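What follows is upload.txt (compact mmCIF, N, CA and C atoms).
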```
# COMPACT_ATOMS: atom_id res chain seq x y z
N MET G 226 55.42 225.36 37.30
CA MET G 226 54.62 224.33 36.67
C MET G 226 55.49 223.38 35.87
N LYS G 227 56.48 223.97 35.16
CA LYS G 227 57.39 223.15 34.37
C LYS G 227 58.20 222.24 35.29
N ALA G 228 58.57 222.71 36.45
CA ALA G 228 59.34 221.90 37.39
C ALA G 228 58.49 220.71 37.87
N LEU G 229 57.23 220.93 38.13
CA LEU G 229 56.33 219.86 38.56
C LEU G 229 56.20 218.81 37.46
N ASN G 230 56.05 219.26 36.20
CA ASN G 230 55.97 218.32 35.08
C ASN G 230 57.26 217.52 34.95
N ASP G 231 58.41 218.19 35.14
CA ASP G 231 59.70 217.49 35.05
C ASP G 231 59.82 216.43 36.14
N ILE G 232 59.36 216.75 37.34
CA ILE G 232 59.43 215.79 38.45
C ILE G 232 58.54 214.59 38.17
N ILE G 233 57.34 214.83 37.69
CA ILE G 233 56.41 213.73 37.37
C ILE G 233 56.98 212.86 36.25
N ASN G 234 57.53 213.47 35.20
CA ASN G 234 58.14 212.69 34.12
C ASN G 234 59.32 211.86 34.63
N TRP G 235 60.14 212.46 35.51
CA TRP G 235 61.28 211.73 36.06
C TRP G 235 60.81 210.52 36.89
N ILE G 236 59.74 210.70 37.68
CA ILE G 236 59.21 209.61 38.49
C ILE G 236 58.73 208.46 37.59
N ILE G 237 58.05 208.78 36.51
CA ILE G 237 57.53 207.76 35.60
C ILE G 237 58.67 207.09 34.84
N GLN G 238 59.60 207.88 34.30
CA GLN G 238 60.68 207.33 33.46
C GLN G 238 61.73 206.56 34.27
N SER G 239 61.96 206.95 35.49
CA SER G 239 63.01 206.29 36.27
C SER G 239 62.57 204.94 36.84
N GLY G 240 61.30 204.63 36.83
CA GLY G 240 60.82 203.37 37.37
C GLY G 240 60.46 203.46 38.85
N LEU G 241 60.55 204.66 39.41
CA LEU G 241 60.21 204.84 40.81
C LEU G 241 58.74 204.49 41.06
N LEU G 242 57.88 204.85 40.13
CA LEU G 242 56.46 204.55 40.28
C LEU G 242 56.22 203.03 40.30
N ALA G 243 56.89 202.31 39.40
CA ALA G 243 56.73 200.85 39.37
C ALA G 243 57.27 200.24 40.66
N TRP G 244 58.41 200.75 41.16
CA TRP G 244 58.98 200.25 42.39
C TRP G 244 58.04 200.52 43.57
N LEU G 245 57.39 201.68 43.61
CA LEU G 245 56.45 202.00 44.68
C LEU G 245 55.24 201.06 44.65
N PHE G 246 54.73 200.73 43.46
CA PHE G 246 53.62 199.78 43.36
C PHE G 246 54.06 198.40 43.85
N TYR G 247 55.24 197.95 43.41
CA TYR G 247 55.74 196.65 43.83
C TYR G 247 55.93 196.61 45.35
N PHE G 248 56.53 197.64 45.90
CA PHE G 248 56.76 197.72 47.34
C PHE G 248 55.43 197.72 48.10
N GLY G 249 54.45 198.45 47.59
CA GLY G 249 53.12 198.49 48.22
C GLY G 249 52.46 197.12 48.23
N PHE G 250 52.56 196.38 47.13
CA PHE G 250 51.97 195.04 47.08
C PHE G 250 52.74 194.08 47.97
N ALA G 251 54.06 194.20 48.00
CA ALA G 251 54.87 193.31 48.84
C ALA G 251 54.55 193.51 50.32
N ILE G 252 54.32 194.75 50.72
CA ILE G 252 53.99 195.04 52.11
C ILE G 252 52.52 194.71 52.40
N GLY G 253 51.65 194.99 51.47
CA GLY G 253 50.21 194.82 51.69
C GLY G 253 49.70 193.41 51.56
N LYS G 254 50.39 192.55 50.80
CA LYS G 254 49.90 191.19 50.56
C LYS G 254 49.80 190.38 51.85
N PRO G 255 50.82 190.30 52.71
CA PRO G 255 50.66 189.53 53.95
C PRO G 255 49.54 190.08 54.85
N PHE G 256 49.38 191.37 54.86
CA PHE G 256 48.31 191.99 55.67
C PHE G 256 46.95 191.54 55.16
N VAL G 257 46.74 191.58 53.86
CA VAL G 257 45.46 191.18 53.27
C VAL G 257 45.23 189.68 53.48
N GLU G 258 46.28 188.86 53.32
CA GLU G 258 46.14 187.42 53.53
C GLU G 258 45.78 187.09 54.97
N SER G 259 46.36 187.82 55.92
CA SER G 259 46.02 187.56 57.33
C SER G 259 44.58 187.95 57.61
N LYS G 260 44.10 189.01 56.99
CA LYS G 260 42.70 189.40 57.17
C LYS G 260 41.76 188.35 56.58
N ILE G 261 42.11 187.81 55.44
CA ILE G 261 41.28 186.76 54.81
C ILE G 261 41.27 185.51 55.69
N LYS G 262 42.44 185.12 56.21
CA LYS G 262 42.52 183.94 57.07
C LYS G 262 41.70 184.13 58.34
N HIS G 263 41.76 185.32 58.92
CA HIS G 263 40.98 185.61 60.13
C HIS G 263 39.49 185.54 59.83
N ALA G 264 39.07 186.08 58.68
CA ALA G 264 37.65 186.05 58.32
C ALA G 264 37.17 184.62 58.13
N LYS G 265 37.99 183.77 57.50
CA LYS G 265 37.60 182.37 57.31
C LYS G 265 37.50 181.65 58.64
N THR G 266 38.44 181.91 59.53
CA THR G 266 38.43 181.26 60.84
C THR G 266 37.19 181.67 61.63
N THR G 267 36.86 182.94 61.61
CA THR G 267 35.67 183.43 62.30
C THR G 267 34.40 182.82 61.71
N GLN G 268 34.36 182.72 60.40
CA GLN G 268 33.20 182.14 59.73
C GLN G 268 33.05 180.66 60.07
N GLU G 269 34.15 179.93 60.08
CA GLU G 269 34.09 178.51 60.43
C GLU G 269 33.69 178.31 61.88
N GLN G 270 34.15 179.18 62.76
CA GLN G 270 33.79 179.09 64.17
C GLN G 270 32.28 179.33 64.35
N ALA G 271 31.75 180.32 63.66
CA ALA G 271 30.32 180.60 63.75
C ALA G 271 29.50 179.43 63.19
N LEU G 272 29.99 178.82 62.11
CA LEU G 272 29.30 177.67 61.52
C LEU G 272 29.31 176.48 62.49
N TRP G 273 30.44 176.25 63.16
CA TRP G 273 30.51 175.14 64.11
C TRP G 273 29.58 175.38 65.29
N GLU G 274 29.48 176.62 65.77
CA GLU G 274 28.56 176.94 66.86
C GLU G 274 27.11 176.69 66.43
N LEU G 275 26.79 177.02 65.18
CA LEU G 275 25.45 176.76 64.66
C LEU G 275 25.17 175.26 64.63
N VAL G 276 26.16 174.48 64.18
CA VAL G 276 25.99 173.02 64.12
C VAL G 276 25.77 172.46 65.52
N LEU G 277 26.53 172.94 66.50
CA LEU G 277 26.35 172.46 67.88
C LEU G 277 24.97 172.81 68.43
N GLN G 278 24.48 174.01 68.13
CA GLN G 278 23.15 174.40 68.59
C GLN G 278 22.07 173.54 67.92
N LEU G 279 22.22 173.31 66.63
CA LEU G 279 21.25 172.46 65.92
C LEU G 279 21.28 171.03 66.48
N ALA G 280 22.47 170.53 66.74
CA ALA G 280 22.59 169.17 67.28
C ALA G 280 21.96 169.09 68.66
N MET G 281 22.17 170.09 69.50
CA MET G 281 21.59 170.08 70.85
C MET G 281 20.07 170.13 70.76
N THR G 282 19.54 170.91 69.86
CA THR G 282 18.09 170.99 69.68
C THR G 282 17.54 169.65 69.19
N ALA G 283 18.23 169.05 68.23
CA ALA G 283 17.78 167.75 67.70
C ALA G 283 17.83 166.67 68.77
N VAL G 284 18.85 166.68 69.59
CA VAL G 284 18.98 165.68 70.66
C VAL G 284 17.88 165.88 71.70
N ASN G 285 17.68 167.10 72.13
CA ASN G 285 16.67 167.37 73.16
C ASN G 285 15.26 167.09 72.68
N SER G 286 15.01 167.21 71.38
CA SER G 286 13.67 166.95 70.87
C SER G 286 13.36 165.45 70.81
N ARG G 287 14.38 164.60 70.93
CA ARG G 287 14.17 163.16 70.86
C ARG G 287 14.31 162.45 72.20
N VAL G 288 14.43 163.17 73.27
CA VAL G 288 14.69 162.56 74.58
C VAL G 288 13.55 161.66 75.02
N GLY G 289 12.33 162.09 74.92
CA GLY G 289 11.21 161.31 75.44
C GLY G 289 10.64 160.29 74.48
N LYS G 290 11.15 160.22 73.26
CA LYS G 290 10.59 159.30 72.27
C LYS G 290 10.98 157.86 72.58
N ASN G 291 10.07 156.95 72.25
CA ASN G 291 10.26 155.54 72.54
C ASN G 291 10.90 154.84 71.34
N ILE G 292 12.13 155.23 71.01
CA ILE G 292 12.88 154.57 69.94
C ILE G 292 14.31 154.31 70.47
N SER G 293 15.03 153.46 69.76
CA SER G 293 16.36 153.10 70.23
C SER G 293 17.33 154.27 70.08
N GLY G 294 18.44 154.16 70.78
CA GLY G 294 19.44 155.22 70.74
C GLY G 294 20.05 155.40 69.36
N GLN G 295 20.25 154.30 68.63
CA GLN G 295 20.80 154.37 67.28
C GLN G 295 19.86 155.12 66.34
N GLU G 296 18.57 154.85 66.48
CA GLU G 296 17.58 155.54 65.63
C GLU G 296 17.53 157.02 65.96
N LYS G 297 17.59 157.35 67.27
CA LYS G 297 17.61 158.76 67.67
C LYS G 297 18.82 159.46 67.09
N PHE G 298 19.96 158.79 67.17
CA PHE G 298 21.20 159.37 66.66
C PHE G 298 21.10 159.61 65.15
N ALA G 299 20.63 158.60 64.42
CA ALA G 299 20.50 158.72 62.96
C ALA G 299 19.51 159.82 62.57
N GLN G 300 18.39 159.91 63.30
CA GLN G 300 17.41 160.95 63.01
C GLN G 300 17.97 162.34 63.30
N ALA G 301 18.71 162.47 64.40
CA ALA G 301 19.28 163.77 64.75
C ALA G 301 20.32 164.20 63.71
N VAL G 302 21.16 163.27 63.27
CA VAL G 302 22.15 163.59 62.25
C VAL G 302 21.46 164.00 60.95
N ALA G 303 20.43 163.26 60.56
CA ALA G 303 19.70 163.57 59.33
C ALA G 303 19.02 164.94 59.42
N GLU G 304 18.46 165.26 60.59
CA GLU G 304 17.79 166.55 60.76
C GLU G 304 18.77 167.71 60.65
N VAL G 305 19.92 167.58 61.32
CA VAL G 305 20.92 168.65 61.28
C VAL G 305 21.45 168.81 59.85
N GLN G 306 21.73 167.70 59.20
CA GLN G 306 22.27 167.75 57.84
C GLN G 306 21.26 168.34 56.86
N SER G 307 19.99 167.99 56.99
CA SER G 307 18.98 168.54 56.07
C SER G 307 18.80 170.04 56.28
N TYR G 308 18.86 170.50 57.53
CA TYR G 308 18.74 171.93 57.80
C TYR G 308 19.91 172.69 57.17
N LEU G 309 21.11 172.17 57.37
CA LEU G 309 22.28 172.85 56.82
C LEU G 309 22.26 172.85 55.30
N THR G 310 21.83 171.75 54.70
CA THR G 310 21.74 171.67 53.25
C THR G 310 20.71 172.65 52.71
N ALA G 311 19.60 172.78 53.42
CA ALA G 311 18.56 173.72 53.00
C ALA G 311 19.06 175.17 53.04
N LYS G 312 19.96 175.45 53.95
CA LYS G 312 20.52 176.81 54.07
C LYS G 312 21.73 177.01 53.17
N GLY G 313 22.16 175.96 52.46
CA GLY G 313 23.29 176.08 51.54
C GLY G 313 24.64 175.91 52.21
N LEU G 314 24.65 175.35 53.40
CA LEU G 314 25.90 175.12 54.12
C LEU G 314 26.25 173.65 54.02
N HIS G 315 27.46 173.35 53.62
CA HIS G 315 27.87 171.96 53.42
C HIS G 315 28.96 171.61 54.44
N ILE G 316 28.65 170.60 55.25
CA ILE G 316 29.58 170.12 56.27
C ILE G 316 29.67 168.61 56.13
N ASP G 317 30.84 168.07 56.40
CA ASP G 317 31.08 166.63 56.33
C ASP G 317 30.18 165.90 57.32
N THR G 318 29.67 164.75 56.93
CA THR G 318 28.77 163.97 57.78
C THR G 318 29.45 163.54 59.07
N LYS G 319 30.73 163.23 59.03
CA LYS G 319 31.44 162.83 60.24
C LYS G 319 31.48 163.97 61.26
N GLN G 320 31.60 165.19 60.79
CA GLN G 320 31.59 166.33 61.71
C GLN G 320 30.21 166.52 62.33
N ILE G 321 29.18 166.30 61.55
CA ILE G 321 27.82 166.41 62.09
C ILE G 321 27.58 165.30 63.11
N GLN G 322 28.06 164.09 62.82
CA GLN G 322 27.92 163.00 63.77
C GLN G 322 28.67 163.31 65.07
N ALA G 323 29.84 163.92 64.96
CA ALA G 323 30.60 164.29 66.15
C ALA G 323 29.85 165.35 66.96
N ALA G 324 29.21 166.28 66.28
CA ALA G 324 28.45 167.31 66.97
C ALA G 324 27.24 166.72 67.68
N VAL G 325 26.55 165.79 67.05
CA VAL G 325 25.39 165.15 67.67
C VAL G 325 25.84 164.31 68.87
N GLN G 326 26.95 163.59 68.73
CA GLN G 326 27.47 162.80 69.84
C GLN G 326 27.84 163.71 71.01
N SER G 327 28.45 164.83 70.70
CA SER G 327 28.81 165.80 71.73
C SER G 327 27.56 166.37 72.40
N ALA G 328 26.52 166.60 71.61
CA ALA G 328 25.27 167.11 72.18
C ALA G 328 24.64 166.08 73.11
N TYR G 329 24.69 164.80 72.74
CA TYR G 329 24.17 163.75 73.62
C TYR G 329 24.93 163.73 74.95
N GLU G 330 26.25 163.89 74.87
CA GLU G 330 27.07 163.84 76.07
C GLU G 330 26.87 165.08 76.95
N MET G 331 26.60 166.23 76.35
CA MET G 331 26.44 167.46 77.12
C MET G 331 25.01 167.69 77.59
N SER G 332 24.07 166.99 77.01
CA SER G 332 22.68 167.22 77.34
C SER G 332 22.38 166.83 78.78
N MET G 333 21.66 167.68 79.48
CA MET G 333 21.26 167.39 80.85
C MET G 333 20.06 166.45 80.87
N LEU G 334 19.41 166.27 79.74
CA LEU G 334 18.21 165.45 79.68
C LEU G 334 18.52 163.97 79.47
N THR G 335 19.70 163.67 78.94
CA THR G 335 20.04 162.27 78.72
C THR G 335 20.84 161.76 79.91
N PRO G 336 20.57 160.51 80.33
CA PRO G 336 21.31 159.97 81.48
C PRO G 336 22.76 159.69 81.10
N THR G 337 23.64 159.88 82.05
CA THR G 337 25.04 159.60 81.79
C THR G 337 25.49 158.44 82.67
N VAL G 338 26.32 157.60 82.11
CA VAL G 338 26.85 156.45 82.83
C VAL G 338 28.37 156.52 82.70
N ASN G 339 29.04 156.45 83.82
CA ASN G 339 30.49 156.46 83.83
C ASN G 339 30.97 155.03 83.69
N PRO G 340 31.66 154.67 82.58
CA PRO G 340 32.08 153.29 82.39
C PRO G 340 33.16 152.85 83.38
N ASN G 341 33.86 153.79 84.00
CA ASN G 341 34.92 153.46 84.95
C ASN G 341 34.38 153.24 86.36
N GLU G 342 33.15 153.63 86.58
CA GLU G 342 32.56 153.51 87.92
C GLU G 342 32.05 152.09 88.13
N LYS G 343 32.47 151.49 89.24
CA LYS G 343 32.01 150.14 89.56
C LYS G 343 30.69 150.23 90.31
N ILE G 344 29.78 149.40 89.90
CA ILE G 344 28.47 149.40 90.55
C ILE G 344 28.47 148.26 91.56
N ASP G 345 28.37 148.60 92.82
CA ASP G 345 28.30 147.59 93.88
C ASP G 345 26.84 147.26 94.14
N VAL G 346 26.53 145.97 94.08
CA VAL G 346 25.16 145.55 94.30
C VAL G 346 24.79 145.70 95.77
N LYS G 347 25.69 145.25 96.62
CA LYS G 347 25.40 145.34 98.05
C LYS G 347 26.69 145.69 98.76
N GLN G 348 26.69 146.80 99.44
CA GLN G 348 27.85 147.20 100.21
C GLN G 348 27.57 146.98 101.69
N GLU G 349 28.49 146.30 102.31
CA GLU G 349 28.34 146.07 103.74
C GLU G 349 29.04 147.19 104.48
N VAL G 350 28.34 147.82 105.36
CA VAL G 350 28.91 148.86 106.17
C VAL G 350 29.19 148.28 107.54
N VAL G 351 30.47 148.29 107.92
CA VAL G 351 30.87 147.73 109.21
C VAL G 351 31.02 148.89 110.18
N PRO G 352 30.37 148.79 111.32
CA PRO G 352 30.50 149.88 112.29
C PRO G 352 31.95 150.04 112.75
N ALA G 353 32.32 151.25 113.01
CA ALA G 353 33.69 151.55 113.41
C ALA G 353 34.02 150.88 114.74
N GLY G 354 35.22 150.32 114.81
CA GLY G 354 35.70 149.70 116.04
C GLY G 354 35.30 148.26 116.22
N THR G 355 34.64 147.65 115.26
CA THR G 355 34.20 146.26 115.42
C THR G 355 35.07 145.29 114.65
N VAL G 356 35.97 145.75 113.81
CA VAL G 356 36.81 144.87 113.01
C VAL G 356 38.14 144.68 113.73
N LYS G 357 38.59 143.43 113.78
CA LYS G 357 39.85 143.12 114.43
C LYS G 357 41.00 143.61 113.56
N ALA G 358 41.97 144.25 114.16
CA ALA G 358 43.14 144.76 113.44
C ALA G 358 44.01 143.60 113.03
N ILE G 359 44.75 143.76 111.93
CA ILE G 359 45.65 142.73 111.46
C ILE G 359 46.98 142.86 112.23
N ASP G 360 47.39 141.75 112.81
CA ASP G 360 48.65 141.72 113.54
C ASP G 360 49.74 141.31 112.57
N PRO G 361 50.78 142.15 112.34
CA PRO G 361 51.82 141.79 111.39
C PRO G 361 52.58 140.53 111.77
N LYS G 362 52.64 140.18 113.04
CA LYS G 362 53.37 138.97 113.47
C LYS G 362 52.62 137.72 113.05
N GLU G 363 51.30 137.80 112.98
CA GLU G 363 50.51 136.64 112.61
C GLU G 363 50.52 136.41 111.10
N VAL G 364 50.63 137.46 110.31
CA VAL G 364 50.59 137.34 108.85
C VAL G 364 51.86 136.69 108.33
N ALA G 365 53.01 137.02 108.91
CA ALA G 365 54.31 136.54 108.41
C ALA G 365 54.53 135.14 108.74
```

Please render this file's structure as structure tokens.
Amino acid sequence: MKALNDIINWIIQSGLLAWLFYFGFAIGKPFVESKIKHAKTTQEQALWELVLQLAMTAVNSRVGKNISGQEKFAQAVAEVQSYLTAKGLHIDTKQIQAAVQSAYEMSMLTPTVNPNEKIDVKQEVVPAGTVKAIDPKEVA
């Protein structure tokens, strides 16, 4: 028993106990910080998914209404923002606008127009074999 007491006193007096605590914190701190960072990332990802779902719902609920696109967009942004505020979640308005815009683009209910696509009013279809070939001797 006396030997055990001597060992414990030596551990306390020599500073080994303080060194063990310091070493434990030095090793454990990066591990704890990585867990906190992972939890924040997961939480932000879940919040963004919620915003996208809310935006898609808001967009789809305004598809058949007879109002302009700007008004629909403003109403959808306001609806998503009011829901999030009521739940105590605060997100930047620009992010909500980006989510609503993304929902409009992904929605199957809204028509999509490709700005790079040329719209031909009248295309003439020439039957095969009826067009005269270009003679390179005549062009030069």

task = Determine the nearest neighbour of Glu304 (chain G) from the options G:Leu241, G:Ile316, G:Ala323, G:Ala280, counting only C-alpha atoms.
result = G:Ala280

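Our summary of the geometry notes that CA of Val302 (chain G) is positioned 15.2 Å from atom N of Trp273 (chain G).
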
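Put simply, atom N of Glu330 (chain G) is 18.2 Å away from atom C of Asn291 (chain G).
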
query = Near Val325 (chain G), within 8 Å and counting all atoms listed in the file, which residues show up once chain neighbours fewer than 5 positions away are dropped, as a PyMOL selection string?
reply = chain G and resi 276-277+279-281+283-284+298+301-302+319-320+330-331

request  = Using atom N of Gln270 (chain G) and atom C of Glu296 (chain G) as the two end points, give the distance in Å to one decimal.
outcome  = 27.9 Å

key: Which residue of G:Ser293, G:Asn285, G:Thr266, G:Ala243 approaches Ala328 (chain G) most closely, using only N, CA and C atoms   =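 Closest to Ala328 (chain G), using only N, CA and C atoms: G:Asn285.
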
ask   = Hey, which of G:Thr355, G:Thr310, G:Gln278, G:Ser239 ends up closest to Tyr329 (chain G)? Count only C-alpha atoms.
value =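 Of all the options, G:Gln278 lies closest to Tyr329 (chain G).
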